[in-house]
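Next comes query-v6.cif, a file with mmCIF, C-alpha atoms.
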data_entry
#
loop_
_atom_site.label_atom_id
_atom_site.label_comp_id
_atom_site.auth_asym_id
_atom_site.auth_seq_id
_atom_site.Cartn_x
_atom_site.Cartn_y
_atom_site.Cartn_z
CA MET N 15 -8.50 -4.06 -19.23
CA ALA N 16 -9.85 -2.10 -16.27
CA GLU N 17 -11.77 1.16 -16.57
CA ILE N 18 -10.09 4.35 -15.35
CA ARG N 19 -11.42 5.46 -12.00
CA LEU N 20 -11.43 9.23 -11.56
CA PHE N 21 -10.89 10.99 -8.24
CA GLY N 22 -11.72 14.68 -8.19
CA THR N 23 -12.13 16.31 -11.59
CA PRO N 24 -8.89 15.71 -13.47
CA ASP N 25 -8.35 17.76 -16.59
CA PHE N 26 -8.99 15.92 -19.87
CA ARG N 27 -5.39 16.42 -21.04
CA HIS N 28 -4.15 14.87 -17.77
CA ILE N 29 -6.43 11.87 -18.19
CA LYS N 30 -5.17 11.47 -21.76
CA ALA N 31 -1.52 11.73 -20.67
CA VAL N 32 -2.05 9.21 -17.88
CA ARG N 33 -3.91 6.82 -20.19
CA GLU N 34 -1.12 6.96 -22.76
CA ALA N 35 1.59 6.56 -20.17
CA GLY N 36 0.06 3.65 -18.33
CA PHE N 37 -1.72 1.71 -21.05
CA HIS N 38 -1.22 -2.02 -20.66
CA SER N 39 -3.65 -4.79 -21.44
CA GLY N 40 -2.76 -6.48 -18.16
CA ASN N 41 -3.79 -3.60 -15.93
CA PHE N 42 -6.42 -4.66 -13.43
CA TYR N 43 -6.64 -1.22 -11.84
CA MET N 44 -6.28 2.30 -13.20
CA ALA N 45 -7.07 5.60 -11.52
CA VAL N 46 -6.40 9.29 -12.02
CA MET N 47 -6.43 11.78 -9.15
CA ASP N 48 -6.45 15.54 -9.52
CA GLY N 49 -4.39 17.78 -7.22
CA THR N 50 -7.27 18.14 -4.75
CA ALA N 51 -7.97 14.41 -4.53
CA LEU N 52 -4.34 13.83 -3.52
CA TRP N 53 -5.17 15.62 -0.27
CA ASP N 54 -8.36 13.69 0.41
CA PRO N 55 -7.71 10.82 2.84
CA ALA N 56 -10.94 9.08 1.78
CA VAL N 57 -9.43 8.46 -1.68
CA LEU N 58 -6.83 6.13 -0.15
CA ASP N 59 -9.50 4.09 1.60
CA VAL N 60 -11.43 3.74 -1.67
CA ILE N 61 -8.36 2.63 -3.64
CA THR N 62 -7.30 0.19 -0.94
CA GLY N 63 -10.84 -1.24 -0.94
CA ASP N 64 -10.84 -1.50 -4.75
CA PHE N 65 -7.75 -3.71 -4.82
CA PRO N 66 -8.20 -7.47 -4.85
CA PRO N 67 -7.85 -8.85 -1.35
CA ARG N 68 -4.84 -10.87 -0.23
CA LEU N 69 -2.46 -9.66 -2.96
CA LEU N 70 -0.64 -7.69 -0.30
CA PRO N 71 -1.39 -7.29 3.40
CA GLU N 72 -3.87 -4.41 3.58
CA THR N 73 -1.68 -2.37 5.91
CA ASN N 74 1.31 -2.72 3.55
CA LEU N 75 -0.79 -1.72 0.53
CA TYR N 76 -2.15 1.32 2.35
CA LEU N 77 1.31 2.33 3.52
CA ALA N 78 2.82 1.98 0.04
CA LEU N 79 0.01 4.02 -1.51
CA VAL N 80 0.10 6.76 1.11
CA GLU N 81 3.88 7.14 0.78
CA CYS N 82 3.71 7.47 -3.01
CA ILE N 83 0.76 9.87 -2.93
CA ALA N 84 2.52 11.94 -0.24
CA ASN N 85 5.58 12.05 -2.48
CA ALA N 86 3.46 13.48 -5.31
CA ALA N 87 1.40 15.86 -3.14
CA LEU N 88 4.00 17.16 -0.71
CA HIS N 89 7.20 17.09 -2.71
CA GLY N 90 6.10 16.81 -6.33
CA ASN N 91 3.45 19.51 -6.60
CA ALA N 92 1.59 17.09 -8.82
CA GLU N 93 -1.40 18.46 -10.72
CA ALA N 94 -2.51 14.95 -11.52
CA LEU N 95 -1.41 11.47 -10.53
CA GLY N 96 -2.16 8.25 -12.37
CA LEU N 97 -2.10 4.87 -10.68
CA PHE N 98 -1.90 1.52 -12.46
CA ALA N 99 -1.64 -1.98 -11.12
CA ARG N 100 -1.02 -5.26 -12.84
CA LYS N 101 -0.03 -8.71 -11.74
CA ARG N 102 1.99 -11.38 -13.48
CA SER N 103 2.83 -14.70 -11.86
CA GLY N 104 4.44 -13.85 -8.57
CA VAL N 105 4.88 -10.12 -9.10
CA LEU N 106 2.55 -7.18 -8.51
CA LEU N 107 3.50 -3.90 -10.19
CA ILE N 108 2.06 -0.65 -8.88
CA SER N 109 2.98 2.23 -11.11
CA PHE N 110 2.43 5.96 -10.65
CA PHE N 111 2.55 8.54 -13.41
CA GLN N 112 2.62 12.18 -12.40
CA THR N 113 2.40 15.45 -14.18
CA PRO N 114 4.43 17.62 -13.95
CA PRO N 115 7.40 15.28 -13.33
CA MET N 116 8.91 14.70 -9.89
CA ALA N 117 11.68 17.04 -8.74
CA GLY N 118 15.23 15.94 -9.56
CA ILE N 119 16.07 15.53 -5.85
CA VAL N 120 13.77 12.49 -5.67
CA VAL N 121 16.28 10.43 -7.65
CA GLU N 122 19.00 11.30 -5.13
CA VAL N 123 16.71 10.52 -2.20
CA LEU N 124 15.94 7.09 -3.67
CA ARG N 125 19.65 6.46 -4.24
CA LEU N 126 20.33 7.28 -0.58
CA ALA N 127 17.53 5.00 0.57
CA ARG N 128 18.86 2.14 -1.59
CA SER N 129 22.09 2.23 0.40
CA GLY N 130 19.99 0.56 3.09
CA ALA N 131 20.97 2.92 5.87
CA LEU N 132 18.23 4.59 7.83
CA PRO N 133 18.62 8.32 8.41
CA ASP N 134 20.47 9.51 11.47
CA TYR N 135 17.63 10.49 13.79
CA THR N 136 19.80 12.92 15.72
CA CYS N 137 19.99 15.35 12.80
CA ASP N 138 17.59 16.54 10.12
CA LEU N 139 16.29 13.73 7.99
CA PRO N 140 17.54 14.07 4.40
CA GLY N 141 14.63 12.98 2.26
CA GLY N 142 12.69 11.62 5.19
CA LEU N 143 11.66 8.03 5.73
CA GLY N 144 9.31 7.57 2.77
CA PHE N 145 11.68 5.70 0.45
CA PRO N 146 13.36 3.68 3.23
CA ILE N 147 9.87 2.42 4.18
CA LEU N 148 8.89 1.74 0.56
CA LEU N 149 12.11 -0.22 0.02
CA ARG N 150 11.20 -2.42 2.98
CA LEU N 151 7.75 -3.06 1.54
CA ALA N 152 8.60 -3.51 -2.15
CA GLU N 153 11.04 -5.80 -3.90
CA LYS N 154 12.22 -3.07 -6.26
CA ILE N 155 11.55 0.63 -6.91
CA THR N 156 12.43 2.53 -10.06
CA ILE N 157 11.99 6.08 -11.33
CA SER N 158 11.86 6.72 -15.07
CA HIS N 159 14.50 8.92 -16.71
CA ASP N 160 11.97 11.69 -17.32
CA ARG N 161 10.88 11.42 -13.64
CA THR N 162 7.21 11.03 -14.53
CA ARG N 163 6.97 7.42 -13.34
CA LEU N 164 7.52 5.77 -10.01
CA GLN N 165 7.20 2.01 -10.13
CA LEU N 166 7.05 -0.45 -7.28
CA TRP N 167 7.40 -4.21 -7.71
CA PHE N 168 6.06 -6.48 -4.98
CA ARG N 169 6.66 -10.18 -4.70
CA ILE N 170 3.46 -12.09 -4.02
CA ALA N 171 2.86 -15.80 -3.60
CA PRO N 172 1.11 -16.79 -6.88
CA GLU N 173 -0.26 -20.18 -5.79
CA LYS N 174 -1.73 -18.72 -2.65
CA ASN N 175 -3.29 -15.70 -4.31
CA ALA N 176 -4.31 -16.87 -7.78
CA VAL N 177 -7.72 -18.22 -6.72
CA GLY N 178 -8.53 -15.11 -4.67
CA PHE N 179 -7.48 -12.82 -7.52
CA LEU N 180 -9.54 -14.67 -10.15
CA THR N 181 -12.58 -14.72 -7.85
CA TRP N 182 -12.20 -10.97 -7.35
CA LEU N 183 -11.78 -10.33 -11.10
CA LEU N 184 -14.81 -12.47 -12.05
CA GLY N 185 -16.92 -10.77 -9.36
CA LYS N 186 -15.87 -7.36 -10.67
CA ARG N 187 -16.77 -8.29 -14.28
CA ARG N 188 -20.16 -9.63 -13.12
CA ASN N 189 -20.80 -6.36 -11.26
CA HIS N 190 -19.88 -4.36 -14.37
CA ALA N 191 -22.17 -6.51 -16.52
CA ALA N 192 -25.03 -6.15 -14.03
CA ALA N 193 -24.49 -2.38 -13.89
CA ALA N 194 -24.49 -2.19 -17.72
CA ARG N 195 -27.74 -4.21 -17.91
CA SER N 196 -29.44 -1.94 -15.38
CA VAL N 197 -28.69 1.24 -17.39
CA MET W 33 -7.41 12.44 13.75
CA ALA W 34 -7.63 14.03 17.16
CA PHE W 35 -5.49 14.50 20.23
CA LYS W 36 -6.26 15.21 23.87
CA PHE W 37 -3.82 16.52 26.44
CA ARG W 38 -3.81 15.50 30.05
CA ARG W 39 -1.38 16.87 32.65
CA GLU W 40 -0.46 14.43 35.41
CA GLY W 41 1.97 16.33 37.63
CA ASN W 42 5.11 16.93 35.59
CA GLU W 43 4.06 14.41 33.00
CA LEU W 44 2.16 15.27 29.85
CA ALA W 45 -0.02 12.49 28.47
CA VAL W 46 -1.20 12.93 24.89
CA TYR W 47 -3.96 10.64 23.66
CA VAL W 48 -3.78 10.49 19.88
CA SER W 49 -6.47 8.85 17.75
CA GLY W 50 -7.35 8.17 14.12
CA ALA W 51 -5.18 8.09 11.00
CA LEU W 52 -1.89 9.97 11.12
CA THR W 53 -0.93 10.64 7.53
CA PHE W 54 0.41 13.58 5.53
CA HIS W 55 -3.21 14.70 5.05
CA GLN W 56 -3.12 15.79 8.70
CA HIS W 57 -0.02 17.90 8.10
CA ALA W 58 -1.40 20.97 9.94
CA GLU W 59 -2.40 18.94 13.00
CA GLY W 60 1.12 17.53 13.16
CA GLU W 61 2.60 21.02 13.25
CA GLN W 62 0.12 21.95 15.99
CA LEU W 63 1.07 18.88 18.04
CA VAL W 64 4.79 19.65 17.77
CA TYR W 65 4.16 23.26 18.78
CA GLN W 66 1.96 22.44 21.76
CA ILE W 67 4.24 19.77 23.20
CA THR W 68 7.47 21.66 22.66
CA THR W 69 6.04 24.84 24.15
CA LEU W 70 5.19 23.03 27.39
CA VAL W 71 8.58 21.32 27.48
CA ASP W 72 10.50 24.51 26.63
CA GLN W 73 8.71 26.38 29.40
CA GLY W 74 9.75 23.67 31.86
CA GLU W 75 6.15 22.84 32.72
CA VAL W 76 6.57 19.15 32.00
CA ASN W 77 9.61 16.88 32.22
CA SER W 78 8.09 13.81 30.65
CA VAL W 79 5.91 13.24 27.59
CA ARG W 80 3.84 10.11 27.07
CA LEU W 81 2.08 9.59 23.76
CA ASN W 82 -0.76 7.10 23.94
CA PHE W 83 -1.22 5.46 20.52
CA ALA W 84 -3.91 2.95 21.48
CA GLU W 85 -6.44 4.61 19.16
CA VAL W 86 -4.12 5.31 16.23
CA THR W 87 -5.22 3.31 13.19
CA ARG W 88 -2.77 4.35 10.44
CA MET W 89 0.51 6.16 10.23
CA ASP W 90 2.97 7.21 7.53
CA SER W 91 6.51 8.54 7.27
CA HIS W 92 5.33 12.14 7.57
CA TRP W 93 4.08 11.45 11.08
CA LEU W 94 7.20 9.47 11.93
CA GLY W 95 8.99 12.72 11.14
CA VAL W 96 6.62 14.57 13.46
CA LEU W 97 7.37 12.11 16.28
CA ILE W 98 11.11 12.40 15.71
CA ARG W 99 10.93 16.21 15.84
CA VAL W 100 9.04 16.06 19.14
CA LEU W 101 11.48 13.49 20.49
CA ARG W 102 14.52 15.60 19.60
CA ARG W 103 13.08 18.72 21.23
CA VAL W 104 12.09 16.78 24.36
CA ARG W 105 15.53 15.19 24.61
CA GLU W 106 17.24 18.58 24.23
CA LYS W 107 15.48 19.55 27.48
CA ASN W 108 16.46 16.24 29.14
CA ALA W 109 12.81 15.28 29.43
CA GLY W 110 11.42 11.76 29.09
CA PHE W 111 9.58 10.49 26.01
CA VAL W 112 7.50 7.34 25.72
CA ILE W 113 5.12 6.02 23.06
CA GLU W 114 2.66 3.54 24.49
CA LYS W 115 0.19 0.96 23.26
CA PRO W 116 0.71 1.14 19.49
CA ALA W 117 -1.45 -1.25 17.43
CA VAL W 118 0.30 -4.16 15.71
CA ASN W 119 0.58 -2.39 12.33
CA ILE W 120 1.96 0.79 13.91
CA LYS W 121 4.44 -1.21 16.00
CA LYS W 122 5.56 -2.97 12.83
CA LEU W 123 6.18 0.42 11.21
CA PHE W 124 8.24 1.55 14.23
CA GLU W 125 10.31 -1.63 13.96
CA MET W 126 10.73 -1.13 10.22
CA VAL W 127 12.44 2.23 10.78
CA GLU W 128 14.08 1.12 14.04
CA LEU W 129 12.41 3.88 16.03
CA ASN W 130 12.95 1.77 19.14
CA ARG W 131 16.68 2.63 18.85
CA ILE W 132 15.90 6.14 20.02
CA ALA W 133 12.48 6.06 21.67
CA GLU W 134 10.97 3.97 24.42
CA ILE W 135 7.99 2.08 23.02
CA ARG W 136 5.73 0.36 25.53
CA THR W 137 3.29 -2.21 24.18
#

Take the structure in the file and give it back as structure tokens.
Amino acid sequence: MAEIRLFGTPDFRHIKAVREAGFHSGNFYMAVMDGTALWDPAVLDVITGDFPPRLLPETNLYLALVECIANAALHGNAEALGLFARKRSGVLLISFFQTPPMAGIVVEVLRLARSGALPDYTCDLPGGLGFPILLRLAEKITISHDRTRLQLWFRIAPEKNAVGFLTWLLGKRRNHAAAARSV
Amino acid sequence: MAFKFRREGNELAVYVSGALTFHQHAEGEQLVYQITTLVDQGEVNSVRLNFAEVTRMDSHWLGVLIRVLRRVREKNAGFVIEKPAVNIKKLFEMVELNRIAEIRT
């Protein structure tokens, strides 16, 4: 399982909550951001760079991440946000855990976006374009009943990406081993 | 991100560069204010946004563009977005922005 990458200085209880919420032996990426890190654009570049290449087009990955982080920072008043990613056969799951939970309106905004209709641009945009964009990028989006988790499922081509993913994973393990030896 | 204004007669050309994401929330508000002030005062009757140097964009900035567009249209002024990169153009197509705005590649 991957180590948790910390952005900013998240509180210990937040790290613990995120770890408990997102624990899964199949996670290849885990991160926790504090409220300040959510507003740091460099964090997005680091996370995008940390992901194995070719799982998703880089621009789609960046767009999905920025929309979810914006949701937590702008509309969720998140104090901390956890990010987990795991892959199984042809599916990539990117999961966010936030504390405190998302506002209740988010569920309604997602329901509206699922109807498939884009907002009427001639009037104020109810809920904006974040979820309509995410629904065009991801196969499925869900929000947990307690509104702490936002999960995005992406379809990926397993045959095409398996070799690239394994090469990335082995390289990462080698780097960790080399770093451990050098300490 | 950064933006530069250039007046060409009654046309306002705005050269935008860098990443346009929610992190640049304040700059978005400033851009809306500066453009709409000029349009409201009748100093320009056409706005051209040059996106050649824009690298990233999110839904927050789509909202910024739509707000500018609505204000410009209310004053019967023109509005064009030009030279978006492939990824930005794809985003515009995703949300069907071309239904309401002229996008020149």

Please find the residues of chain W near chain N - the criterion being any atom within 7 Å, counting all atoms listed in the file - and write them as an mmCIF file with C-alpha atoms, keeping the file's coordinate frame.
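Saved result, iface.cif, follows:
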data_model
loop_
_atom_site.group_PDB
_atom_site.id
_atom_site.type_symbol
_atom_site.label_atom_id
_atom_site.label_comp_id
_atom_site.auth_asym_id
_atom_site.auth_seq_id
_atom_site.Cartn_x
_atom_site.Cartn_y
_atom_site.Cartn_z
ATOM 1 C CA PHE W 54 0.410 13.580 5.530
ATOM 2 C CA HIS W 55 -3.210 14.700 5.050
ATOM 3 C CA ASP W 90 2.970 7.210 7.530
ATOM 4 C CA SER W 91 6.510 8.540 7.270
ATOM 5 C CA ASN W 119 0.580 -2.390 12.330
ATOM 6 C CA VAL W 127 12.440 2.230 10.780
#

statement: Students should find that CA of Thr181 (chain N) and CA of Gly104 (chain N) are spaced 17.1 Å

message: Residues near region 64-74 of chain W, anyone? I mean within 8 Å using all atoms listed in the file, not counting same-chain ones fewer than 2 positions away, as a count of residues only.
response: 12

Among listed residues W:Leu52, W:Val79, W:Ala84, W:Ile98, nearest Glu40 (chain W) (using all atoms listed in the file):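 Smallest separation from Glu40 (chain W) among the options: W:Val79.
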
- request: Step by step, work through what the PyMOL selection byres ((chain W and resi 83) around 6) selects in the shown file, and finish by giving those residues as a list in words.
  value: Val48, Asn82, Ala84, Glu85, Val86, Glu114, Lys115 and Pro116 of chain W

- prompt: For this file, the PyMOL selection byres ((chain N and resi 108) around 12) selects which residues, as a PyMOL selection string?
  reply: chain N and resi 36+40-45+65+69-70+75+78-79+82+96-102+105-107+109-111+148+152-156+163-169

Kindly provide the residues of region 45-89 of chain N that approach region 22-26 of chain N to within 10 Å, each paired with its closest atom pair and their distance in Å to one decimal, based on only C-alpha atoms, listed by chain and increasing number, as JSON lines.
{"residue": "N:Val46", "atom": "CA", "partner": "N:Pro24", "partner_atom": "CA", "distance": 7.0}
{"residue": "N:Met47", "atom": "CA", "partner": "N:Gly22", "partner_atom": "CA", "distance": 6.1}
{"residue": "N:Asp48", "atom": "CA", "partner": "N:Pro24", "partner_atom": "CA", "distance": 4.6}
{"residue": "N:Gly49", "atom": "CA", "partner": "N:Pro24", "partner_atom": "CA", "distance": 8.0}
{"residue": "N:Thr50", "atom": "CA", "partner": "N:Gly22", "partner_atom": "CA", "distance": 6.6}
{"residue": "N:Ala51", "atom": "CA", "partner": "N:Gly22", "partner_atom": "CA", "distance": 5.2}
{"residue": "N:Leu52", "atom": "CA", "partner": "N:Gly22", "partner_atom": "CA", "distance": 8.8}
{"residue": "N:Asp54", "atom": "CA", "partner": "N:Gly22", "partner_atom": "CA", "distance": 9.3}
{"residue": "N:Val57", "atom": "CA", "partner": "N:Gly22", "partner_atom": "CA", "distance": 9.3}

Enumerate, as an mmCIF file with C-alpha atoms, in the frame of the given file, the residues matched when the PyMOL selection byres ((chain W and resi 35) around 6) is run on the file above.
data_model
loop_
_atom_site.group_PDB
_atom_site.id
_atom_site.type_symbol
_atom_site.label_atom_id
_atom_site.label_comp_id
_atom_site.auth_asym_id
_atom_site.auth_seq_id
_atom_site.Cartn_x
_atom_site.Cartn_y
_atom_site.Cartn_z
ATOM 1 C CA ALA W 34 -7.630 14.030 17.160
ATOM 2 C CA LYS W 36 -6.260 15.210 23.870
ATOM 3 C CA TYR W 47 -3.960 10.640 23.660
ATOM 4 C CA VAL W 48 -3.780 10.490 19.880
#

query: How far is it from CA of Ala31 (chain N) to CA of Trp182 (chain N), in Å with one decimal?
result: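 Separation of CA of Ala31 (chain N) and CA of Trp182 (chain N): 28.4 Å.
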
- prompt: Using all atoms listed in the file, which residues sit within 7 Å of Met89 (chain W) once same-chain residues fewer than 5 positions away are excluded, as a ChimeraX atom specification?
  reply: /W:51-53,120

- request: Rounded to one decimal place, report the CA of Ile157 (chain N)-CA of Phe37 (chain N) distance in Å.
  value: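 CA of Phe37 (chain N) lies 17.4 Å from CA of Ile157 (chain N).
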